[in-house]
Amino acid sequence: MSRNTLHFQKILKLLIVGIFISGCTSPIPKNFGQTSQIEWANIENINTNHFDHADQPRVFSFPVDHGAHQNFQTEWWYFTGNLKSEQGDDFGYQLTFFRRALQPQVNVTNRTSDLAVNQIYMAHFTITQAGINRFYPFQRFNRGDNQLAGALTDPFLKVWLADWQVQQISENEFQLKAQSDGIEIDLSLSDGHGIILQGDMGLSHKSSTTASYYYSMPRLTTKGSINIEQKEFRVTGTSWMDHEFSTSALSGDQIGWDWFALHLDDGKDIMAYRMRNLKGSLDPNSNGSLLIPSQPLIGLAAEDFNISSTGSWKSPTSNAVYPSGWHMLIPSQGIDLTITPLIKDQELNFAFTYWEGAVLITGSINGKSISGSGYVELTGYAHSMQGQF
């Protein structure tokens, strides 16, 4: 049993015997799970054969596929964005909901208790405030319950955990709300580009033996407000939405990934991820996509792009050393980008520890200057992601 798997077991045990029974929906302390001494066996022994697996392209249907796919073990809805206030302040935000099934649906018996659940939800909410070099991270857990947490499409998507929620207002509009400890977002997102299916018609290979179903809404025009300790900022900008579901997306020799979602000011959108193996090599199934307005989506195989780090940052909390700053090349498109974190410390040290933060972009396309913004996610630097996804 890996240390990371045991860590996840401890968290789930405490949730079910404690928080779930009480119905508490308060934010979880930052050290939650790390100090728990409660052991839980058998989570890692669940037979994933009875879960659905991403093993061939599927037909997506929206808005139904915005909702939960409960017979896949793991699922997440990711919203990240780069915003600017009326005064010129730069912000980043993340609002992410994770779903984890405790067992395959075929194994679930009919139980009448309100405490009988098979789905666990976790949510992460962060704000990056560049002007004062501050990062505000929050985490919540709860059981999948109509009153506490869930993901529905009736008729449009609603995913929530207590009062953190994403509500789809229409086919192309979303409302995001979250607040904790005096930090709050209230944002309206409007999709002007539509849904793109990543990988092979939405089948996104993570290794030679594993894959997920993955689609994006890469460019969501965003407006609304950020409140920080009773100070309101009216903001506008651009957001990115990812929805991914799978069972055992990582292969046995993978430790984590580096993921990039980038908006360029000329309207191009880039997604790229690198799957990292235990010995430090990159999995050849790493890939990405390039969206050019009014053109078909361009798929990027691992050999089509190169990403190298330009610096590093050591977390004072986890002691993990992360790359900090990157150089991205897509030679076939003449793209040469320098990617810089908005601030260095955008680490979430929660149920699992990872870095996810706002970045700024400078560079060139075919020799012409370009700029932009985006988000980068780095996992597997503090500990292996095996047993998590």
# chains A, B, ... in the order shown; residues from 1 in each chain; ligands from 1
$ residues_around --residues "Asp266 in chain A" --least-positions-apart "5" --cutoff "9 Å" --atoms "only C-alpha atoms" --output "PDB file with N, CA and C atoms, in the first residue's frame"
ATOM      1  N   ILE A 292      -7.694  27.111 -33.049  1.00  0.00           N
ATOM      2  CA  ILE A 292      -7.576  28.376 -33.763  1.00  0.00           C
ATOM      3  C   ILE A 292      -8.980  28.784 -34.187  1.00  0.00           C
ATOM      4  N   PRO A 293      -9.407  30.009 -33.907  1.00  0.00           N
ATOM      5  CA  PRO A 293     -10.776  30.416 -34.250  1.00  0.00           C
ATOM      6  C   PRO A 293     -11.130  30.095 -35.694  1.00  0.00           C
ATOM      7  N   ILE A 370       3.217  37.945 -29.103  1.00  0.00           N
ATOM      8  CA  ILE A 370       1.924  37.501 -28.600  1.00  0.00           C
ATOM      9  C   ILE A 370       1.981  37.475 -27.081  1.00  0.00           C
ATOM     10  N   SER A 371       0.833  37.657 -26.462  1.00  0.00           N
ATOM     11  CA  SER A 371       0.748  37.554 -25.005  1.00  0.00           C
ATOM     12  C   SER A 371      -0.532  36.806 -24.659  1.00  0.00           C
ATOM     13  N   GLY A 372      -0.712  36.531 -23.392  1.00  0.00           N
ATOM     14  CA  GLY A 372      -1.900  35.813 -22.963  1.00  0.00           C
ATOM     15  C   GLY A 372      -1.847  35.460 -21.492  1.00  0.00           C
TER      16      GLY A 372
END
$ closest_atom_pairs --of "range 48-92 of chain A" --to "range 206-225 of chain A" --cutoff "9 Å" --atoms "only C-alpha atoms" --output "CSV"
residue,atom,partner,partner_atom,distance
A:His53,CA,A:Ser212,CA,7.9
A:Ala54,CA,A:Ser212,CA,5.2
A:Asp55,CA,A:Ala211,CA,6.6
A:Gln56,CA,A:Ala211,CA,8.9
A:Pro57,CA,A:Tyr213,CA,8.2
A:Arg58,CA,A:Tyr213,CA,8.4
A:Gly81,CA,A:Thr222,CA,8.1
A:Asn82,CA,A:Thr222,CA,8.9
A:Leu83,CA,A:Thr222,CA,7.8
A:Ser85,CA,A:Ser225,CA,8.6
$ residues_around --residues "range 164-173 of chain A" --least-positions-apart "2" --cutoff "9 Å" --atoms "only C-alpha atoms" --output "number ranges by chain"
A: 62-63, 95, 97, 123, 125, 153, 156-162, 175-179, 188-192, 194, 220
$ select_by_dssp --residues "range 73-199 of chain A" --states "helix (DSSP H, G or I)" --output "MDAnalysis selection string"
chainID A and resid 105:107 130:132
$ residues_around --residues "range 276-291 of chain A" --least-positions-apart "5" --cutoff "7 Å" --atoms "only C-alpha atoms" --output "MDAnalysis selection string"
chainID A and resid 205:208 253:257 268:271 297:302
$ closest_residue --among "A:Phe245, A:Gly367, A:Phe51, A:Phe91" --to "Gly67 in chain A" --atoms "only C-alpha atoms"
A:Phe245
$ select_by_dssp --residues "range 160-309 of chain A" --states "strand (DSSP E or B)" --output "VMD selection string"
chain A and resid 160 to 161 164 to 170 173 to 180 183 to 191 196 to 197 200 203 to 205 211 to 228 231 to 246 254 to 264 269 to 277 282 287 to 291 298 to 301 306 to 309
$ atom_distance --atom1 "CA of Gln94 in chain A" --atom2 "CA of Asp304 in chain A"
28.3 Å
$ residues_around --residues "His69 in chain A" --least-positions-apart "3" --cutoff "10 Å" --atoms "only C-alpha atoms" --output "list in words"
Asp52, Val64, Asp65, His66, Phe72, Gln73, Thr74, Glu75, Arg99, Ala101, Ala151, Leu152, Glu244, Phe245 and Ser246 of chain A
